[in-house]
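> Mind looking over this structure? Questions follow.
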Amino acid sequence: MQNTKSRDLIINPTVSLSNLNEFLSRLNDITIIKADPKFVKARNFKIIFDSPDADLVICKTIEELQKYKSAGKIVGFLKKVSNNDDIDEIGRASQAGAEFVIVEAEDWKIIPLENVIAKLHRSNTKVYTTIKTAEEIRTMFSVLELGVDGVIFSTDDEKQVDELRNYFETFVFPINYAKVLEVKDVGTGERVCVDTTSMLELGEGMLVGSKSNFMFLVHNESVGSSFTSPRPFRVNAGALYCYTLMSDGKTKYLSEIEAGNEVLVVKNNGISRCVTVGRSKIETRPLRLIKADAKGETGTVIVQNAETIRFITNDGKLLPVTEIKGGDQILCYVKPPSGRHFGVEVKEFIVEK
């Protein structure tokens with residue numbers, strides 16, 4: 001099941017005090033920082049700190065938390081977790097009115113967070129934790145499936161902040177119905193089958209196409225057939241030259257996809273999520289070309305000619321590529337054309353056929 005709850009990215013600047021405000025001025029779209037409010041000039045941030053002058057006051061005892069809460073402050077509780085007694089204390093802080101808890105753990109991190117999330121997931125208390133690297137974010141957001149509500153990241157590099165934001169961004173694609181103009185068998189060739197480490201839902205698939213501005217929603221294999229079992233982790237995506245979308249919104253050729261990559265899967269309402277590739281298989285198979293039109297744009301995709309490759313029709317049904325015909329309406333992502341340079345969108349004149 002897709003988890004769509006909002007997440008907070010909290011930046012703890014590690015620059016010198018003399019450079020603090022210059023550093024903060026370079027942060028884009030960050031709303032919460034962890035810093036002493038007496039040193040922060042700009043007030044376009046919410047400040048989280050162990051000071052009564054902060055917007056979000058960090059408390060280290062329940063007595064302190066109750067004191068500031070009774071004074072009308074937004075309060076939270078910081079706890080270094082080393083045993084179950086610490087987790088019980090976090091539970092008591094939540095009951096005392098903590099609007100957030102910051103869980104710090106050294107050697108064991110996943111298990112304590114799982115226990116805290118299990119204890120607090122029905123409360124109104126947010127669970128935050130600290131991270132040291134960008135790679136930790138994906139794990140923290142998937143702990144016990146629910147994940148933490150936010151992370152506190154210490155850094156002196158605004159470029160690292162920009163990279164982290166990709167993990168918080170949800171891409172929403174305008175999905176439209178395209179009218180099939182032509183269906184044509186094009187002989188044999190290599191197609192790419194993408195196996196992910198996630199369970200894909202009905203209505204989800206990968207955006208695949210010959211052009212980056214016209215991509216077809218190719219459905220996953222969560223629905224079996226008389227001859228095949230469901231494989232809800234798989235998208236039989238298309239010919240190896242086709243584009244698809246990565247977790248940062250850039251394109252890659254299907255031939256470049258490999259284990260460990262993060263690709264976007266998109267639901268029929270346009271909402272996307274990141275999944276990790278466990279395996280990519282390139283095999284020779286019979287291929288079929290689909291050509292369609294939407295919003296005055298024309299696009300094509302070449303996929304394996306097999307019953308398990310399906311598109312989504314205008315009435316919400318799954319349509320196997322073996323049954324598709326001219327005049328059918330299928331879901332696509334279409335926008336005005338632009339060029340791509342190593343997967344990055346650039347504004348230039350371009351014609352693709």
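Naming scheme: A, B, ... for chains in displayed order of the structure tokens; residues 1 onward per chain; ligands 1 onward as shown.
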Hey, what's within 12 Å of A:Thr244 if we count only C-alpha atoms and toss same-chain stuff fewer than 2 positions away? As a VMD selection string, please?
chain A and resid 192 194 205 to 218 235 237 to 242 246 to 257 262 to 266 301 333 343
> Can you tell me which residues surround A:Asn124 at a distance of at most 10 Å, considering only C-alpha atoms, apart from same-chain residues fewer than 4 positions away, and format the answer as a PDB file with C-alpha atoms, in the first residue's frame?

```pdb
ATOM      1  CA  SER A  94       3.155  12.002  23.878  1.00  0.00           C
ATOM      2  CA  GLN A  95       0.362  11.586  26.415  1.00  0.00           C
ATOM      3  CA  GLY A  97       0.963  16.720  24.917  1.00  0.00           C
ATOM      4  CA  ALA A  98       4.192  16.513  22.914  1.00  0.00           C
ATOM      5  CA  GLU A  99       3.446  17.508  19.330  1.00  0.00           C
ATOM      6  CA  PHE A 100       6.656  15.841  18.163  1.00  0.00           C
ATOM      7  CA  LEU A 120       2.582   6.561  18.635  1.00  0.00           C
TER       8      LEU A 120
END
```
> Rounded to one decimal in Å, what is the spacing between atom CA of A:Tyr68 and atom CA of A:Thr125?
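About the pair atom CA of A:Tyr68 and atom CA of A:Thr125: they are 16.3 Å apart.
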> As a short mmCIF file (atom, residue, chain, number, x, y, z; two decimals) with C-alpha atoms, in the first residue's frame, please: the residues near A:Gly326 (cut-off 6 Å, only C-alpha atoms, same-chain neighbours under 6 positions excluded).

```cif
data_model
loop_
_atom_site.label_atom_id
_atom_site.label_comp_id
_atom_site.auth_asym_id
_atom_site.auth_seq_id
_atom_site.Cartn_x
_atom_site.Cartn_y
_atom_site.Cartn_z
CA VAL A 180 -4.76 4.88 -30.87
CA LEU A 181 -3.98 5.66 -34.52
CA GLU A 182 -2.02 2.59 -35.56
#
```
> Neighbours of A:Pro174 within 10 Å (only C-alpha atoms; same-chain residues fewer than 5 positions away dropped), as an NGL selection string?
:A and (268-271 or 332-335)
> Those same residues - C-alpha atoms - I'd like them written as an mmCIF file, in the first residue's frame.

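In the end it all went to result29.cif:
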```
data_model
loop_
_atom_site.group_PDB
_atom_site.id
_atom_site.type_symbol
_atom_site.label_atom_id
_atom_site.label_comp_id
_atom_site.auth_asym_id
_atom_site.auth_seq_id
_atom_site.Cartn_x
_atom_site.Cartn_y
_atom_site.Cartn_z
ATOM 1 C CA ASN A 268 -3.884 6.162 -13.226
ATOM 2 C CA ASN A 269 -4.616 9.448 -11.390
ATOM 3 C CA GLY A 270 -1.103 10.726 -12.140
ATOM 4 C CA ILE A 271 0.339 10.394 -8.616
ATOM 5 C CA CYS A 332 -0.781 8.561 -21.581
ATOM 6 C CA TYR A 333 1.279 11.441 -20.245
ATOM 7 C CA VAL A 334 1.549 14.226 -22.815
ATOM 8 C CA LYS A 335 3.093 17.687 -22.706
#
```
> Ranking A:Ile102, A:Ile110, A:Cys274, A:Ala96 by minimum distance to A:Ile48 and counting only C-alpha atoms, which one comes first?
A:Ile102
> To test your reading of the structure, identify every residue in stretch 30-187 of chain A that backbone DSSP assigns to strand (DSSP E or B), and report it as a PyMOL selection string.
chain A and resi 32-33+46-49+56-59+74-80+100-104+126-131+150-155+172+175-187
> Within 10 Å of A:Lys69, counting only C-alpha atoms, which residues qualify if same-chain residues fewer than 3 places away don't, as a list in words?
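Answer for this query is Val57, Glu63, Glu64, Leu65, Gln66, Gly72, Lys73, Ile74, Val75, Gly76, Ala96, Gly97, Ala98 and Glu99 of chain A.
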> For those residues, write all heavy atoms to a file as a compact mmCIF listing (two decimals), in the first residue's frame.

```txt
# COMPACT_ATOMS: atom_id res chain seq x y z
N VAL A 57 9.54 24.14 20.55
CA VAL A 57 10.45 24.06 21.68
C VAL A 57 10.78 22.60 21.99
O VAL A 57 9.89 21.79 22.25
CB VAL A 57 9.83 24.73 22.93
CG1 VAL A 57 10.82 24.67 24.10
CG2 VAL A 57 9.44 26.17 22.63
N GLU A 63 8.61 17.17 32.68
CA GLU A 63 8.25 18.33 33.50
C GLU A 63 8.46 19.62 32.71
O GLU A 63 7.62 20.54 32.75
CB GLU A 63 9.10 18.35 34.77
CG GLU A 63 8.81 17.23 35.76
CD GLU A 63 9.35 15.88 35.31
OE1 GLU A 63 10.30 15.87 34.49
OE2 GLU A 63 8.81 14.85 35.77
N GLU A 64 9.57 19.70 31.99
CA GLU A 64 9.85 20.87 31.17
C GLU A 64 8.81 21.00 30.06
O GLU A 64 8.32 22.09 29.76
CB GLU A 64 11.25 20.74 30.57
CG GLU A 64 11.72 21.96 29.79
CD GLU A 64 13.09 21.76 29.17
OE1 GLU A 64 13.50 20.59 28.98
OE2 GLU A 64 13.74 22.77 28.85
N LEU A 65 8.44 19.88 29.48
CA LEU A 65 7.43 19.87 28.41
C LEU A 65 6.09 20.40 28.92
O LEU A 65 5.45 21.22 28.27
CB LEU A 65 7.29 18.45 27.87
CG LEU A 65 6.37 18.21 26.68
CD1 LEU A 65 6.92 17.08 25.82
CD2 LEU A 65 4.96 17.86 27.11
N GLN A 66 5.68 19.94 30.09
CA GLN A 66 4.40 20.39 30.66
C GLN A 66 4.44 21.87 30.99
O GLN A 66 3.45 22.59 30.81
CB GLN A 66 4.09 19.55 31.90
CG GLN A 66 3.76 18.10 31.59
CD GLN A 66 3.65 17.24 32.83
OE1 GLN A 66 4.36 17.46 33.83
NE2 GLN A 66 2.77 16.24 32.80
N GLY A 72 1.58 27.84 26.55
CA GLY A 72 1.07 28.05 25.20
C GLY A 72 2.07 27.78 24.09
O GLY A 72 1.83 28.11 22.93
N LYS A 73 3.20 27.15 24.43
CA LYS A 73 4.22 26.86 23.44
C LYS A 73 3.92 25.55 22.70
O LYS A 73 3.23 24.67 23.21
CB LYS A 73 5.60 26.74 24.11
CG LYS A 73 6.07 28.01 24.81
CD LYS A 73 6.43 29.10 23.81
CE LYS A 73 7.03 30.30 24.51
NZ LYS A 73 7.41 31.37 23.54
N ILE A 74 4.43 25.45 21.46
CA ILE A 74 4.41 24.19 20.72
C ILE A 74 5.64 23.41 21.17
O ILE A 74 6.77 23.87 20.99
CB ILE A 74 4.44 24.42 19.21
CG1 ILE A 74 3.20 25.20 18.76
CG2 ILE A 74 4.51 23.09 18.45
CD1 ILE A 74 3.21 25.59 17.30
N VAL A 75 5.41 22.25 21.77
CA VAL A 75 6.50 21.55 22.45
C VAL A 75 6.70 20.15 21.90
O VAL A 75 5.79 19.51 21.39
CB VAL A 75 6.24 21.47 23.97
CG1 VAL A 75 6.29 22.86 24.60
CG2 VAL A 75 4.89 20.81 24.26
N GLY A 76 7.96 19.69 22.02
CA GLY A 76 8.31 18.34 21.65
C GLY A 76 9.29 17.77 22.64
O GLY A 76 9.76 18.47 23.56
N ALA A 96 1.49 13.49 27.44
CA ALA A 96 1.56 14.78 28.12
C ALA A 96 1.38 15.95 27.16
O ALA A 96 1.40 17.11 27.60
CB ALA A 96 2.88 14.91 28.88
N GLY A 97 1.25 15.66 25.87
CA GLY A 97 0.96 16.72 24.92
C GLY A 97 2.08 17.07 23.96
O GLY A 97 2.00 18.10 23.27
N ALA A 98 3.12 16.24 23.87
CA ALA A 98 4.19 16.51 22.91
C ALA A 98 3.65 16.45 21.49
O ALA A 98 3.02 15.47 21.11
CB ALA A 98 5.32 15.51 23.09
N GLU A 99 3.90 17.49 20.72
CA GLU A 99 3.45 17.51 19.33
C GLU A 99 4.44 16.82 18.41
O GLU A 99 4.11 16.47 17.28
CB GLU A 99 3.18 18.94 18.88
CG GLU A 99 2.10 19.61 19.71
CD GLU A 99 1.49 20.82 19.02
OE1 GLU A 99 1.53 20.89 17.78
OE2 GLU A 99 0.98 21.69 19.73
```
> What does the distance from atom CA of A:Ile330 to atom CA of A:Val172 come to in Å, to one decimal?
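Interatomic distance here is 18.2 Å.
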> I need the alpha helix (DSSP H) residues of stretch 66-287 of chain A per DSSP on the backbone, written as a PyMOL selection string.
chain A and resi 66-70+84-95+110-120+136-140+158-165
> Pull C-alpha atoms from the residues just selected and write them as a PDB file, in the first residue's frame.

```
ATOM      1  CA  GLN A  66       4.403  20.388  30.661  1.00  0.00           C
ATOM      2  CA  LYS A  67       5.755  23.760  31.802  1.00  0.00           C
ATOM      3  CA  TYR A  68       6.153  25.199  28.303  1.00  0.00           C
ATOM      4  CA  LYS A  69       2.951  23.620  27.016  1.00  0.00           C
ATOM      5  CA  SER A  70       0.975  25.289  29.803  1.00  0.00           C
ATOM      6  CA  ASN A  84      12.541  -0.015  26.321  1.00  0.00           C
ATOM      7  CA  ASP A  85      12.273   2.295  29.330  1.00  0.00           C
ATOM      8  CA  ASP A  86      13.268   5.179  27.061  1.00  0.00           C
ATOM      9  CA  ILE A  87      10.521   4.209  24.629  1.00  0.00           C
ATOM     10  CA  ASP A  88       7.988   4.128  27.466  1.00  0.00           C
ATOM     11  CA  GLU A  89       9.087   7.634  28.445  1.00  0.00           C
ATOM     12  CA  ILE A  90       8.497   8.804  24.878  1.00  0.00           C
ATOM     13  CA  GLY A  91       4.986   7.380  25.160  1.00  0.00           C
ATOM     14  CA  ARG A  92       4.403   9.355  28.359  1.00  0.00           C
ATOM     15  CA  ALA A  93       5.668  12.523  26.674  1.00  0.00           C
ATOM     16  CA  SER A  94       3.155  12.002  23.878  1.00  0.00           C
ATOM     17  CA  GLN A  95       0.362  11.586  26.415  1.00  0.00           C
ATOM     18  CA  ILE A 110      15.608   0.652  13.119  1.00  0.00           C
ATOM     19  CA  ILE A 111      14.191  -1.449  15.956  1.00  0.00           C
ATOM     20  CA  PRO A 112      13.778   1.483  18.396  1.00  0.00           C
ATOM     21  CA  LEU A 113      12.071   3.540  15.685  1.00  0.00           C
ATOM     22  CA  GLU A 114       9.766   0.653  14.840  1.00  0.00           C
ATOM     23  CA  ASN A 115       8.765   0.450  18.506  1.00  0.00           C
ATOM     24  CA  VAL A 116       8.221   4.214  18.803  1.00  0.00           C
ATOM     25  CA  ILE A 117       6.152   4.365  15.596  1.00  0.00           C
ATOM     26  CA  ALA A 118       4.065   1.394  16.735  1.00  0.00           C
ATOM     27  CA  LYS A 119       3.404   3.122  20.061  1.00  0.00           C
ATOM     28  CA  LEU A 120       2.582   6.561  18.635  1.00  0.00           C
ATOM     29  CA  GLU A 136      19.402   6.960   5.273  1.00  0.00           C
ATOM     30  CA  ILE A 137      16.259   8.838   4.243  1.00  0.00           C
ATOM     31  CA  ARG A 138      14.652   6.062   2.231  1.00  0.00           C
ATOM     32  CA  THR A 139      15.076   3.662   5.158  1.00  0.00           C
ATOM     33  CA  MET A 140      13.710   6.120   7.703  1.00  0.00           C
ATOM     34  CA  GLU A 158      23.175  23.550   0.413  1.00  0.00           C
ATOM     35  CA  LYS A 159      23.739  21.159  -2.516  1.00  0.00           C
ATOM     36  CA  GLN A 160      23.145  18.240  -0.160  1.00  0.00           C
ATOM     37  CA  VAL A 161      19.874  19.887   0.855  1.00  0.00           C
ATOM     38  CA  ASP A 162      18.811  20.083  -2.800  1.00  0.00           C
ATOM     39  CA  GLU A 163      19.575  16.374  -3.238  1.00  0.00           C
ATOM     40  CA  LEU A 164      17.572  15.478  -0.146  1.00  0.00           C
ATOM     41  CA  ARG A 165      14.513  17.289  -1.408  1.00  0.00           C
TER      42      ARG A 165
END
```
> Could you check how far atom CA of A:Thr14 sits from atom CA of A:Asp157, in Å to one decimal?
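Those two atoms sit 8.9 Å apart.
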> So that I can check the surroundings of A:Ile58, please list as an mmCIF file with N, CA, C and O atoms, in the first residue's frame every protein, DNA and RNA residue that reaches within 6 Å of it, counting only C-alpha atoms and ignoring chain neighbours fewer than 6 positions away.

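After the write, around06.cif holds the following:
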```cif
data_model
loop_
_atom_site.group_PDB
_atom_site.id
_atom_site.type_symbol
_atom_site.label_atom_id
_atom_site.label_comp_id
_atom_site.auth_asym_id
_atom_site.auth_seq_id
_atom_site.Cartn_x
_atom_site.Cartn_y
_atom_site.Cartn_z
ATOM 1 N N PHE A 49 14.201 24.239 18.451
ATOM 2 C CA PHE A 49 15.408 24.351 19.273
ATOM 3 C C PHE A 49 15.025 24.213 20.738
ATOM 4 O O PHE A 49 13.861 24.390 21.105
ATOM 5 N N ASP A 50 16.018 23.929 21.580
ATOM 6 C CA ASP A 50 15.748 23.823 23.012
ATOM 7 C C ASP A 50 15.845 25.199 23.667
ATOM 8 O O ASP A 50 16.710 25.464 24.506
ATOM 9 N N GLY A 76 7.958 19.694 22.020
ATOM 10 C CA GLY A 76 8.311 18.337 21.654
ATOM 11 C C GLY A 76 9.292 17.771 22.644
ATOM 12 O O GLY A 76 9.764 18.472 23.557
ATOM 13 N N PHE A 77 9.629 16.505 22.466
ATOM 14 C CA PHE A 77 10.435 15.782 23.447
ATOM 15 C C PHE A 77 11.600 15.108 22.737
ATOM 16 O O PHE A 77 11.417 14.384 21.752
#
```
